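Enquirer: Provided herewith: work30.csv, CSV, C-alpha atoms.
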```csv
chain,number,residue,atom,x,y,z
P,1,MET,CA,14.8,36.0,10.2
P,2,LYS,CA,15.7,32.6,8.8
P,3,ILE,CA,14.5,29.1,9.8
P,4,SER,CA,18.1,28.1,10.5
P,5,GLN,CA,18.5,31.0,12.9
P,6,ILE,CA,15.4,29.9,14.8
P,7,ARG,CA,16.7,26.4,15.1
P,8,HIS,CA,20.0,27.7,16.4
P,9,PHE,CA,18.1,29.8,19.0
P,10,GLN,CA,16.0,26.8,20.1
P,11,ALA,CA,19.2,24.7,20.6
P,12,VAL,CA,20.7,27.4,22.7
P,13,CYS,CA,17.5,27.5,24.8
P,14,ARG,CA,17.7,23.8,25.2
P,15,TYR,CA,21.3,23.6,26.3
P,16,LYS,CA,21.7,27.1,27.8
P,17,ASN,CA,25.1,27.0,26.3
P,18,VAL,CA,26.3,28.0,22.8
P,19,THR,CA,29.1,25.4,22.6
P,20,ARG,CA,26.8,22.5,23.5
P,21,ALA,CA,24.1,23.8,21.1
P,22,ALA,CA,26.6,24.0,18.3
P,23,GLU,CA,27.7,20.4,19.0
P,24,SER,CA,24.1,19.1,18.9
P,25,LEU,CA,23.6,20.9,15.6
P,26,HIS,CA,26.9,19.7,14.2
P,27,ILE,CA,28.0,23.2,13.2
P,28,THR,CA,30.6,25.6,14.5
P,29,GLN,CA,30.1,27.7,17.7
P,30,PRO,CA,30.6,31.1,15.8
P,31,SER,CA,27.7,30.1,13.5
P,32,VAL,CA,25.4,29.7,16.4
P,33,SER,CA,26.6,32.9,18.1
P,34,SER,CA,26.2,34.8,14.8
P,35,SER,CA,22.6,33.6,14.4
P,36,ILE,CA,21.7,34.8,17.9
P,37,LYS,CA,23.4,38.2,17.4
P,38,GLU,CA,21.7,38.7,14.0
P,39,LEU,CA,18.3,37.9,15.5
P,40,GLU,CA,18.8,40.3,18.4
P,41,GLU,CA,20.0,43.1,16.0
P,42,GLU,CA,17.0,42.5,13.7
P,43,PHE,CA,14.5,42.7,16.5
P,44,GLY,CA,16.3,45.3,18.6
P,45,VAL,CA,16.0,43.2,21.8
P,46,ASN,CA,18.2,41.0,23.9
P,47,LEU,CA,17.1,37.4,23.8
P,48,PHE,CA,19.4,36.2,26.6
P,49,HIS,CA,21.0,37.4,29.8
P,50,ARG,CA,24.6,36.3,30.2
P,51,ILE,CA,24.9,35.1,33.8
P,52,ASN,CA,28.0,33.3,35.0
P,53,LYS,CA,28.7,31.9,31.6
P,54,ARG,CA,25.2,30.6,31.3
P,55,LEU,CA,22.5,32.0,29.0
P,56,VAL,CA,19.1,32.8,30.6
P,57,LEU,CA,16.2,33.9,28.5
P,58,THR,CA,14.9,37.4,28.8
P,59,ARG,CA,11.2,38.2,28.8
P,60,GLU,CA,11.5,38.9,25.1
P,61,GLY,CA,13.4,35.7,24.6
P,62,GLU,CA,10.7,33.7,26.4
P,63,PHE,CA,8.1,35.2,24.1
P,64,PHE,CA,10.1,34.5,21.0
P,65,LEU,CA,10.7,30.9,22.1
P,66,GLU,CA,7.0,30.2,22.7
P,67,ARG,CA,6.1,31.6,19.2
P,68,SER,CA,9.1,30.0,17.5
P,69,ASN,CA,8.1,26.5,18.9
P,70,LEU,CA,4.7,26.8,17.2
P,71,LEU,CA,6.3,28.1,14.0
P,72,LEU,CA,8.9,25.3,13.7
P,73,GLU,CA,6.2,22.7,14.5
P,74,GLN,CA,4.2,23.9,11.5
P,75,VAL,CA,7.4,24.0,9.4
P,76,ASP,CA,8.3,20.5,10.3
P,77,THR,CA,4.7,19.3,9.5
P,78,LEU,CA,4.7,21.0,6.2
P,79,GLU,CA,8.2,19.6,5.3
P,80,ALA,CA,7.0,16.1,6.1
P,81,GLN,CA,3.8,16.5,4.1
P,82,MET,CA,5.7,17.9,1.0
P,83,LYS,CA,8.3,15.1,1.2
P,84,ASP,CA,5.5,12.6,1.4
P,85,LEU,CA,3.8,14.1,-1.7
P,86,GLY,CA,7.1,14.4,-3.5
P,87,SER,CA,8.0,10.7,-2.9
P,88,GLY,CA,4.8,9.5,-4.6
P,89,LYS,CA,4.2,7.4,-1.5
P,90,ASN,CA,0.8,5.7,-1.8
P,91,LEU,CA,-0.1,4.4,1.6
P,92,ILE,CA,-3.1,4.7,3.9
P,93,ARG,CA,-2.8,3.8,7.6
P,94,ILE,CA,-6.2,2.6,8.7
P,95,GLY,CA,-7.4,1.2,12.0
P,96,VAL,CA,-9.9,-1.7,11.9
P,97,PRO,CA,-11.3,-3.5,15.0
P,98,PRO,CA,-11.3,-7.3,14.9
P,99,MET,CA,-15.0,-7.9,14.2
P,100,ILE,CA,-15.2,-5.2,11.5
P,101,GLY,CA,-12.0,-6.6,10.0
P,102,THR,CA,-13.7,-10.0,9.6
P,103,PHE,CA,-17.0,-9.3,7.9
P,104,LEU,CA,-17.0,-5.7,6.5
P,105,PHE,CA,-13.5,-4.6,5.7
P,106,PRO,CA,-12.4,-7.4,3.4
P,107,ALA,CA,-15.1,-6.7,0.8
P,108,MET,CA,-14.4,-2.9,1.0
P,109,PHE,CA,-10.7,-3.6,0.6
P,110,ASP,CA,-11.2,-5.7,-2.5
P,111,ALA,CA,-13.4,-3.1,-4.1
P,112,PHE,CA,-11.0,-0.3,-3.2
P,113,HIS,CA,-7.9,-2.2,-4.4
P,114,GLU,CA,-9.6,-3.0,-7.7
P,115,LYS,CA,-10.2,0.7,-8.3
P,116,TYR,CA,-6.9,2.0,-6.9
P,117,PRO,CA,-4.3,-0.9,-7.2
P,118,GLU,CA,-1.4,1.6,-6.7
P,119,ILE,CA,-2.6,2.5,-3.2
P,120,LYS,CA,-1.5,0.3,-0.3
P,121,LEU,CA,-3.4,0.0,2.9
P,122,GLU,CA,-1.6,-0.7,6.2
P,123,MET,CA,-4.2,-2.1,8.6
P,124,VAL,CA,-3.8,-1.7,12.4
P,125,GLU,CA,-6.1,-4.1,14.3
P,126,GLN,CA,-7.2,-2.5,17.5
P,127,GLY,CA,-10.5,-1.9,19.3
P,128,SER,CA,-12.6,1.2,18.5
P,129,ARG,CA,-11.4,3.2,21.6
P,130,ILE,CA,-7.8,2.7,20.7
P,131,THR,CA,-8.2,3.5,17.0
P,132,ASN,CA,-10.1,6.7,17.9
P,133,LYS,CA,-7.1,7.8,20.0
P,134,LEU,CA,-4.6,6.8,17.2
P,135,VAL,CA,-6.6,8.9,14.7
P,136,LYS,CA,-6.5,11.9,17.0
P,137,SER,CA,-2.7,11.6,17.5
P,138,GLU,CA,-2.3,11.3,13.7
P,139,GLU,CA,-0.7,7.8,14.0
P,140,LEU,CA,-3.5,6.6,11.8
P,141,ASP,CA,-5.0,8.4,8.7
P,142,LEU,CA,-8.4,6.8,9.0
P,143,ALA,CA,-10.2,4.2,11.0
P,144,MET,CA,-13.4,2.1,10.8
P,145,ALA,CA,-14.8,2.1,14.2
P,146,ILE,CA,-17.8,2.0,16.5
P,147,VAL,CA,-18.7,5.6,17.3
P,148,ASP,CA,-20.4,6.3,20.7
P,149,GLU,CA,-23.6,8.3,20.8
P,150,ALA,CA,-21.7,11.3,22.1
P,151,VAL,CA,-20.3,13.5,19.3
P,152,ASP,CA,-16.6,13.7,19.2
P,153,HIS,CA,-15.8,17.2,18.0
P,154,GLU,CA,-12.2,16.3,17.1
P,155,LEU,CA,-13.3,13.8,14.5
P,156,HIS,CA,-15.2,13.7,11.2
P,157,LYS,CA,-17.4,10.6,10.8
P,158,LEU,CA,-19.0,8.9,7.9
P,159,ASP,CA,-21.7,6.3,8.5
P,160,ILE,CA,-20.9,2.9,6.9
P,161,PHE,CA,-23.0,0.2,8.4
P,162,SER,CA,-25.4,-0.5,11.3
P,163,THR,CA,-25.4,-3.8,13.1
P,164,ARG,CA,-26.5,-5.2,16.5
P,165,LEU,CA,-25.0,-7.4,19.1
P,166,VAL,CA,-26.3,-10.9,19.7
P,167,PHE,CA,-25.4,-13.4,22.4
P,168,CYS,CA,-23.6,-16.2,20.8
P,169,VAL,CA,-23.5,-19.8,22.1
P,170,ARG,CA,-22.8,-23.3,20.7
P,171,ALA,CA,-25.4,-24.4,18.3
P,172,GLY,CA,-26.7,-27.1,20.7
P,173,HIS,CA,-26.7,-24.9,23.7
P,174,PRO,CA,-30.1,-24.6,25.6
P,175,LEU,CA,-30.2,-20.9,24.9
P,176,ALA,CA,-29.7,-21.4,21.1
P,177,CYS,CA,-33.4,-22.1,20.5
P,178,ARG,CA,-34.6,-18.9,22.3
P,179,ASP,CA,-36.2,-16.1,20.3
P,180,SER,CA,-34.3,-13.6,22.6
P,181,VAL,CA,-32.4,-13.5,25.8
P,182,GLY,CA,-32.1,-10.9,28.5
P,183,LEU,CA,-28.9,-10.0,30.4
P,184,GLN,CA,-30.6,-11.1,33.6
P,185,ASP,CA,-30.7,-14.6,32.1
P,186,LEU,CA,-27.0,-14.7,31.8
P,187,ARG,CA,-26.1,-14.3,35.5
P,188,GLN,CA,-24.5,-17.7,35.8
P,189,GLU,CA,-23.5,-18.1,32.1
P,190,PRO,CA,-19.7,-18.1,31.5
P,191,ILE,CA,-19.0,-15.2,29.1
P,192,ILE,CA,-16.0,-14.0,27.0
P,193,LEU,CA,-15.7,-10.3,26.6
P,194,PHE,CA,-13.5,-8.2,24.3
P,195,LYS,CA,-10.9,-6.2,26.0
P,196,SER,CA,-11.5,-2.7,27.4
P,197,ASP,CA,-10.3,-1.0,24.2
P,198,SER,CA,-13.6,-2.1,22.5
P,199,SER,CA,-16.7,0.1,22.5
P,200,GLN,CA,-19.1,-2.9,23.0
P,201,ASN,CA,-17.2,-3.9,26.2
P,202,ALA,CA,-18.0,-0.5,27.8
P,203,ILE,CA,-21.6,-0.6,26.7
P,204,LEU,CA,-22.2,-4.2,27.9
P,205,LEU,CA,-20.6,-3.6,31.3
P,206,SER,CA,-22.7,-0.5,31.7
P,207,ARG,CA,-25.8,-2.5,31.0
P,208,PHE,CA,-24.9,-5.2,33.4
P,209,LYS,CA,-24.1,-2.6,36.1
P,210,SER,CA,-27.5,-0.9,35.6
P,211,LEU,CA,-29.1,-4.3,36.3
P,212,ASP,CA,-26.9,-4.9,39.4
P,213,ILE,CA,-25.4,-8.0,37.7
P,214,GLU,CA,-21.8,-9.1,38.0
P,215,PRO,CA,-21.2,-11.0,34.8
P,216,ASN,CA,-19.4,-14.3,35.0
P,217,VAL,CA,-16.4,-13.3,32.8
P,218,LEU,CA,-14.4,-16.4,31.9
P,219,LEU,CA,-11.9,-14.6,29.6
P,220,SER,CA,-11.2,-11.2,28.1
P,221,SER,CA,-9.6,-11.3,24.7
P,222,SER,CA,-9.1,-9.2,21.6
P,223,GLN,CA,-8.6,-12.3,19.4
P,224,LEU,CA,-11.8,-13.0,17.5
P,225,TYR,CA,-10.6,-16.5,16.4
P,226,THR,CA,-10.0,-17.5,20.1
P,227,ILE,CA,-13.5,-16.2,21.1
P,228,LYS,CA,-15.3,-18.0,18.3
P,229,HIS,CA,-13.3,-21.2,19.2
P,230,PHE,CA,-14.4,-21.1,22.8
P,231,VAL,CA,-18.0,-20.4,21.9
P,232,ALA,CA,-18.2,-23.2,19.3
P,233,ALA,CA,-16.7,-25.6,21.8
P,234,GLY,CA,-19.4,-24.8,24.3
P,235,ARG,CA,-17.0,-23.4,26.9
P,236,ALA,CA,-18.6,-19.9,27.1
P,237,GLY,CA,-20.9,-17.4,25.3
P,238,ALA,CA,-19.9,-14.1,23.8
P,239,PHE,CA,-21.5,-10.9,22.4
P,240,LEU,CA,-20.7,-10.6,18.7
P,241,PHE,CA,-22.1,-8.8,15.7
P,242,GLN,CA,-25.1,-10.5,14.1
P,243,GLU,CA,-23.1,-10.8,10.8
P,244,ILE,CA,-20.3,-12.7,12.6
P,245,ALA,CA,-22.7,-15.2,14.1
P,246,ASP,CA,-24.3,-15.7,10.7
P,247,MET,CA,-21.0,-16.7,9.3
P,248,GLU,CA,-20.4,-19.5,11.8
P,249,PRO,CA,-22.4,-22.8,11.4
P,250,ASP,CA,-21.4,-24.0,14.8
P,251,ILE,CA,-22.5,-20.8,16.6
P,252,ALA,CA,-26.1,-19.6,17.2
P,253,GLY,CA,-26.7,-15.8,17.7
P,254,VAL,CA,-29.5,-15.1,20.1
P,255,PRO,CA,-31.1,-11.6,19.9
P,256,LEU,CA,-31.1,-9.5,23.0
P,257,GLU,CA,-34.4,-8.5,24.6
P,258,GLU,CA,-33.1,-4.9,24.8
P,259,PRO,CA,-31.2,-4.6,21.5
P,260,ILE,CA,-27.7,-3.0,21.5
P,261,LEU,CA,-27.4,-1.3,18.1
P,262,MET,CA,-23.9,-0.3,16.9
P,263,ASP,CA,-23.0,2.2,14.1
P,264,ILE,CA,-19.8,1.5,12.2
P,265,CYS,CA,-18.3,4.7,10.8
P,266,LEU,CA,-15.2,5.8,9.0
P,267,ILE,CA,-13.5,8.5,11.1
P,268,TRP,CA,-10.6,10.9,10.4
P,269,LYS,CA,-9.3,13.9,12.3
P,270,LYS,CA,-10.6,17.4,11.8
P,271,ASN,CA,-8.3,20.3,11.0
P,272,ARG,CA,-5.7,18.0,9.6
P,273,HIS,CA,-4.3,17.8,6.1
P,274,ILE,CA,-5.8,14.8,4.3
P,275,TYR,CA,-3.5,13.3,1.7
P,276,SER,CA,-5.0,12.6,-1.7
P,277,ASP,CA,-4.9,8.8,-1.1
P,278,ALA,CA,-6.9,9.1,2.1
P,279,ALA,CA,-9.3,11.5,0.4
P,280,LYS,CA,-9.9,8.8,-2.3
P,281,PHE,CA,-10.7,6.2,0.4
P,282,ILE,CA,-13.2,8.6,2.0
P,283,GLU,CA,-14.9,9.3,-1.4
P,284,PHE,CA,-14.8,5.6,-2.2
P,285,THR,CA,-16.6,4.9,1.1
P,286,LYS,CA,-19.3,7.4,0.3
P,287,SER,CA,-20.0,5.7,-3.1
P,288,TYR,CA,-19.6,2.2,-1.6
P,289,ASN,CA,-22.4,3.1,0.9
P,290,GLU,CA,-24.7,4.4,-1.9
P,291,GLY,CA,-24.2,1.2,-3.8
P,292,ALA,CA,-25.0,-0.9,-0.8
P,293,LYS,CA,-28.3,0.9,-0.2
```
How does the structure come out when it is put into structure tokens?
Expert:
Amino acid sequence: MKISQIRHFQAVCRYKNVTRAAESLHITQPSVSSSIKELEEEFGVNLFHRINKRLVLTREGEFFLERSNLLLEQVDTLEAQMKDLGSGKNLIRIGVPPMIGTFLFPAMFDAFHEKYPEIKLEMVEQGSRITNKLVKSEELDLAMAIVDEAVDHELHKLDIFSTRLVFCVRAGHPLACRDSVGLQDLRQEPIILFKSDSSQNAILLSRFKSLDIEPNVLLSSSQLYTIKHFVAAGRAGAFLFQEIADMEPDIAGVPLEEPILMDICLIWKKNRHIYSDAAKFIEFTKSYNEGAK
């Protein structure tokens, strides 16, 4: 049994016709027919019934198709991995939510780039919920994200940093001088929330709902610059990380009476081949954490 024969078999299953299968593979019809015949002779079974010039899978053919799909998927994955290794391609696709990309990622990037200047990082800026999905679908190698309390058994996680949400207002706002603020104090306050792909959005809306409060949402945005501009202009308040508030002289971050703590983690998918470059970033993050403690 050869890989090429299995691909010929798959094409015939797809088109239910040897001629069309051969055309799709850009090979001759006799080559496809020969592959099917050789497989049937090797296994001692019929893979197809010939009915009115159409090919219909036998029970044995259905079994072989199911198993061969899994086999070729593994072959294609292995082929892509080996080509990637052979090309010497140094690239890490990493997801970074907007707030994390503002205060935490830049310093880590600089330190990593200094140690591994040959490795390029391709950053995808999305909320934690989206980056989690992209890591699971293997569209991203890694992500720095907020991880919910529930353990996700599909992902590895490495703790990086713990922070908290504060309610941010213009420096001269009446709430700016408060030691703390409760969500019940914000019933009439215009608020900007991050879009639904952010973990903090889900947590906040759940908290408001538990208090039977309908927040006065002026705007939903994923653009941190826009949110900070609205807050600094006094048009609305927003829930941001403490570190973001501390970076902005025109914004005051007021602690919440019931703190919302957030753990920022590095995540990657379990049971997936980790390329050496991504492995270096994981090990770098571990040492970066130790140095920060």
Enquirer: What is the distance between atom CA of P:Pro97 and atom CA of P:Ser128, in Å to one decimal?
Expert: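 Taking atom CA of P:Pro97 as the start and atom CA of P:Ser128 as the end point, the length is 6.0 Å.
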Enquirer: Excluding same-chain residues fewer than 3 positions from P:Gly172, what lies within 12 Å of it counting all atoms listed in the file, as a PyMOL selection string?
Expert: chain P and resi 168-169+175-178+231-234+249-253
Enquirer: If you count only C-alpha atoms, which residues fall within 6 Å of stretch 106-122 of chain P, apart from same-chain ones fewer than 4 positions away, as a PyMOL selection string?
Expert: chain P and resi 90-93
Enquirer: Excluding stretch 28-37 of chain P and any residue of its chain fewer than 3 positions from it, enumerate the residues within 8 Å of it, using all atoms listed in the file, and give them as a PyMOL selection string.
Expert: chain P and resi 5+8-9+18-19+21-23+40-41+47
Enquirer: Enumerate, as a list in words, the protein, DNA and RNA residues whose atoms approach (-8.7, -7.9, 23.5) to within 12 Å, taking into account all atoms listed in the file and the coordinate frame of the file.
Expert: Pro97, Pro98, Met99, Glu125, Gln126, Gly127, Ser128, Arg129, Ile130, Ile192, Leu193, Phe194, Lys195, Ser196, Asp197, Ser198, Ser199, Gln200, Asn201, Leu219, Ser220, Ser221, Ser222, Gln223, Leu224, Tyr225, Thr226 and Ile227 of chain P
Enquirer: Could you save the residues just selected, with C-alpha atoms, as a PDB file, in the coordinates of the input?
Expert:
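The file below, out-v7.pdb, is the result:
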```
ATOM      1  CA  PRO P  97     -11.300  -3.500  15.000  1.00  0.00           C
ATOM      2  CA  PRO P  98     -11.300  -7.300  14.900  1.00  0.00           C
ATOM      3  CA  MET P  99     -15.000  -7.900  14.200  1.00  0.00           C
ATOM      4  CA  GLU P 125      -6.100  -4.100  14.300  1.00  0.00           C
ATOM      5  CA  GLN P 126      -7.200  -2.500  17.500  1.00  0.00           C
ATOM      6  CA  GLY P 127     -10.500  -1.900  19.300  1.00  0.00           C
ATOM      7  CA  SER P 128     -12.600   1.200  18.500  1.00  0.00           C
ATOM      8  CA  ARG P 129     -11.400   3.200  21.600  1.00  0.00           C
ATOM      9  CA  ILE P 130      -7.800   2.700  20.700  1.00  0.00           C
ATOM     10  CA  ILE P 192     -16.000 -14.000  27.000  1.00  0.00           C
ATOM     11  CA  LEU P 193     -15.700 -10.300  26.600  1.00  0.00           C
ATOM     12  CA  PHE P 194     -13.500  -8.200  24.300  1.00  0.00           C
ATOM     13  CA  LYS P 195     -10.900  -6.200  26.000  1.00  0.00           C
ATOM     14  CA  SER P 196     -11.500  -2.700  27.400  1.00  0.00           C
ATOM     15  CA  ASP P 197     -10.300  -1.000  24.200  1.00  0.00           C
ATOM     16  CA  SER P 198     -13.600  -2.100  22.500  1.00  0.00           C
ATOM     17  CA  SER P 199     -16.700   0.100  22.500  1.00  0.00           C
ATOM     18  CA  GLN P 200     -19.100  -2.900  23.000  1.00  0.00           C
ATOM     19  CA  ASN P 201     -17.200  -3.900  26.200  1.00  0.00           C
ATOM     20  CA  LEU P 219     -11.900 -14.600  29.600  1.00  0.00           C
ATOM     21  CA  SER P 220     -11.200 -11.200  28.100  1.00  0.00           C
ATOM     22  CA  SER P 221      -9.600 -11.300  24.700  1.00  0.00           C
ATOM     23  CA  SER P 222      -9.100  -9.200  21.600  1.00  0.00           C
ATOM     24  CA  GLN P 223      -8.600 -12.300  19.400  1.00  0.00           C
ATOM     25  CA  LEU P 224     -11.800 -13.000  17.500  1.00  0.00           C
ATOM     26  CA  TYR P 225     -10.600 -16.500  16.400  1.00  0.00           C
ATOM     27  CA  THR P 226     -10.000 -17.500  20.100  1.00  0.00           C
ATOM     28  CA  ILE P 227     -13.500 -16.200  21.100  1.00  0.00           C
TER      29      ILE P 227
END
```
Enquirer: Quick one: pull the distance between atom CA of P:Lys209 and atom CA of P:Pro174, Å, one decimal.
Expert: 25.1 Å
Enquirer: As an exercise, work out the distance from atom CA of P:Leu186 to atom CA of P:Lys228 in Å and give it to one decimal place.
Expert: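 Value for the atom CA of P:Leu186-atom CA of P:Lys228 distance: 18.2 Å.
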Enquirer: Point out the residue among P:Ile260, P:Leu183, P:Val45, P:Ala278 with the least atom-to-atom distance to P:Glu62, counting all atoms listed in the file.
Expert: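 Among P:Ile260, P:Leu183, P:Val45, P:Ala278, it is P:Val45 that comes nearest to P:Glu62.
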Enquirer: P:Pro190: which residues within 9 Å, counting all atoms listed in the file, same-chain residues fewer than 4 positions away excluded, as a count of residues only?
Expert: 10
Enquirer: Looking at all atoms listed in the file, which of P:Asp246, P:His26, P:Leu158, P:Glu42 is the one that sits closest to P:Phe284?
Expert: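 For P:Phe284, the nearest of the given residues is P:Leu158.
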Enquirer: For a quick check of understanding, using only C-alpha atoms, which of P:Ala279, P:Tyr15, P:Phe239, P:Lys269 has the smallest distance to P:His153?
Expert: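 Of the candidates, the smallest distance to P:His153 is held by P:Lys269.
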Enquirer: Nearest to P:Arg170: which of P:Leu204, P:Ile94, P:Val254, P:Leu39 is it, counting all atoms listed in the file?
Expert: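 That would be P:Val254, the residue with the smallest distance to P:Arg170.
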Enquirer: Could you name the residues that touch P:Ile3 at 12 Å or less, counting all atoms listed in the file, but leaving out those on the same chain fewer than 3 positions away, as a ChimeraX atom specification?
Expert: /P:6-10,35,39,68-69,71-76
Enquirer: Once you count only C-alpha atoms, which residues end up no further than 6 Å from (-31.1, -11.2, 19.2) in the file's frame, shown as a PyMOL selection string?
Expert: chain P and resi 166+180+254-256
Enquirer: Write to file, as a compact mmCIF listing (two decimals), in the frame of the given file, the residues of the selection just made, with C-alpha atoms.
Expert:
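Contents of part09.txt, freshly written:
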```
# COMPACT_ATOMS: atom_id res chain seq x y z
CA VAL P 166 -26.30 -10.90 19.70
CA SER P 180 -34.30 -13.60 22.60
CA VAL P 254 -29.50 -15.10 20.10
CA PRO P 255 -31.10 -11.60 19.90
CA LEU P 256 -31.10 -9.50 23.00
```
Enquirer: Can you work out which one of P:Ser287, P:Asn271, P:Ser137, P:Gln81 has the shortest atom-to-atom distance to P:Asp159, counting all atoms listed in the file?
Expert: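 Using all atoms listed in the file, the shortest distance to P:Asp159 belongs to P:Ser287.
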Enquirer: From the options P:Ile191, P:Leu25, P:Ile146, P:Ile100, which residue's atoms come nearest to P:Phe230, counting all atoms listed in the file?
Expert: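 Closest candidate: P:Ile191.
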Enquirer: My structure is short of atoms at stretch 211-223 of chain P; please model N, CA, C and O atoms there, returning them as a tab-separated table (two decimals), in the coordinates of the input.
Expert:
```tsv
chain	number	residue	atom	x	y	z
P	211	LEU	N	-28.27	-3.23	35.87
P	211	LEU	CA	-29.10	-4.30	36.30
P	211	LEU	C	-28.61	-4.94	37.62
P	211	LEU	O	-29.17	-5.93	38.09
P	212	ASP	N	-27.52	-4.37	38.14
P	212	ASP	CA	-26.90	-4.90	39.40
P	212	ASP	C	-26.47	-6.35	39.17
P	212	ASP	O	-26.66	-7.20	40.05
P	213	ILE	N	-25.90	-6.62	38.00
P	213	ILE	CA	-25.40	-8.00	37.70
P	213	ILE	C	-23.92	-7.95	37.52
P	213	ILE	O	-23.37	-7.09	36.81
P	214	GLU	N	-23.25	-8.88	38.17
P	214	GLU	CA	-21.80	-9.10	38.00
P	214	GLU	C	-21.63	-10.22	37.00
P	214	GLU	O	-21.85	-11.39	37.33
P	215	PRO	N	-21.26	-9.92	35.75
P	215	PRO	CA	-21.20	-11.00	34.80
P	215	PRO	C	-20.08	-12.01	35.10
P	215	PRO	O	-19.05	-11.66	35.68
P	216	ASN	N	-20.33	-13.24	34.72
P	216	ASN	CA	-19.40	-14.30	35.00
P	216	ASN	C	-18.38	-14.39	33.83
P	216	ASN	O	-18.52	-15.19	32.90
P	217	VAL	N	-17.38	-13.49	33.87
P	217	VAL	CA	-16.40	-13.30	32.80
P	217	VAL	C	-15.35	-14.43	32.88
P	217	VAL	O	-14.53	-14.41	33.80
P	218	LEU	N	-15.38	-15.34	31.94
P	218	LEU	CA	-14.40	-16.40	31.90
P	218	LEU	C	-13.06	-15.93	31.34
P	218	LEU	O	-12.00	-16.32	31.80
P	219	LEU	N	-13.15	-15.03	30.35
P	219	LEU	CA	-11.90	-14.60	29.60
P	219	LEU	C	-12.21	-13.26	28.97
P	219	LEU	O	-13.31	-12.98	28.51
P	220	SER	N	-11.16	-12.43	28.91
P	220	SER	CA	-11.20	-11.20	28.10
P	220	SER	C	-10.13	-11.35	27.02
P	220	SER	O	-8.99	-11.71	27.31
P	221	SER	N	-10.53	-11.07	25.79
P	221	SER	CA	-9.60	-11.30	24.70
P	221	SER	C	-9.90	-10.31	23.56
P	221	SER	O	-11.02	-9.82	23.42
P	222	SER	N	-8.90	-10.01	22.76
P	222	SER	CA	-9.10	-9.20	21.60
P	222	SER	C	-8.99	-10.05	20.30
P	222	SER	O	-9.07	-9.54	19.19
P	223	GLN	N	-8.80	-11.36	20.50
P	223	GLN	CA	-8.60	-12.30	19.40
P	223	GLN	C	-9.96	-12.92	19.01
P	223	GLN	O	-10.47	-13.77	19.74
```
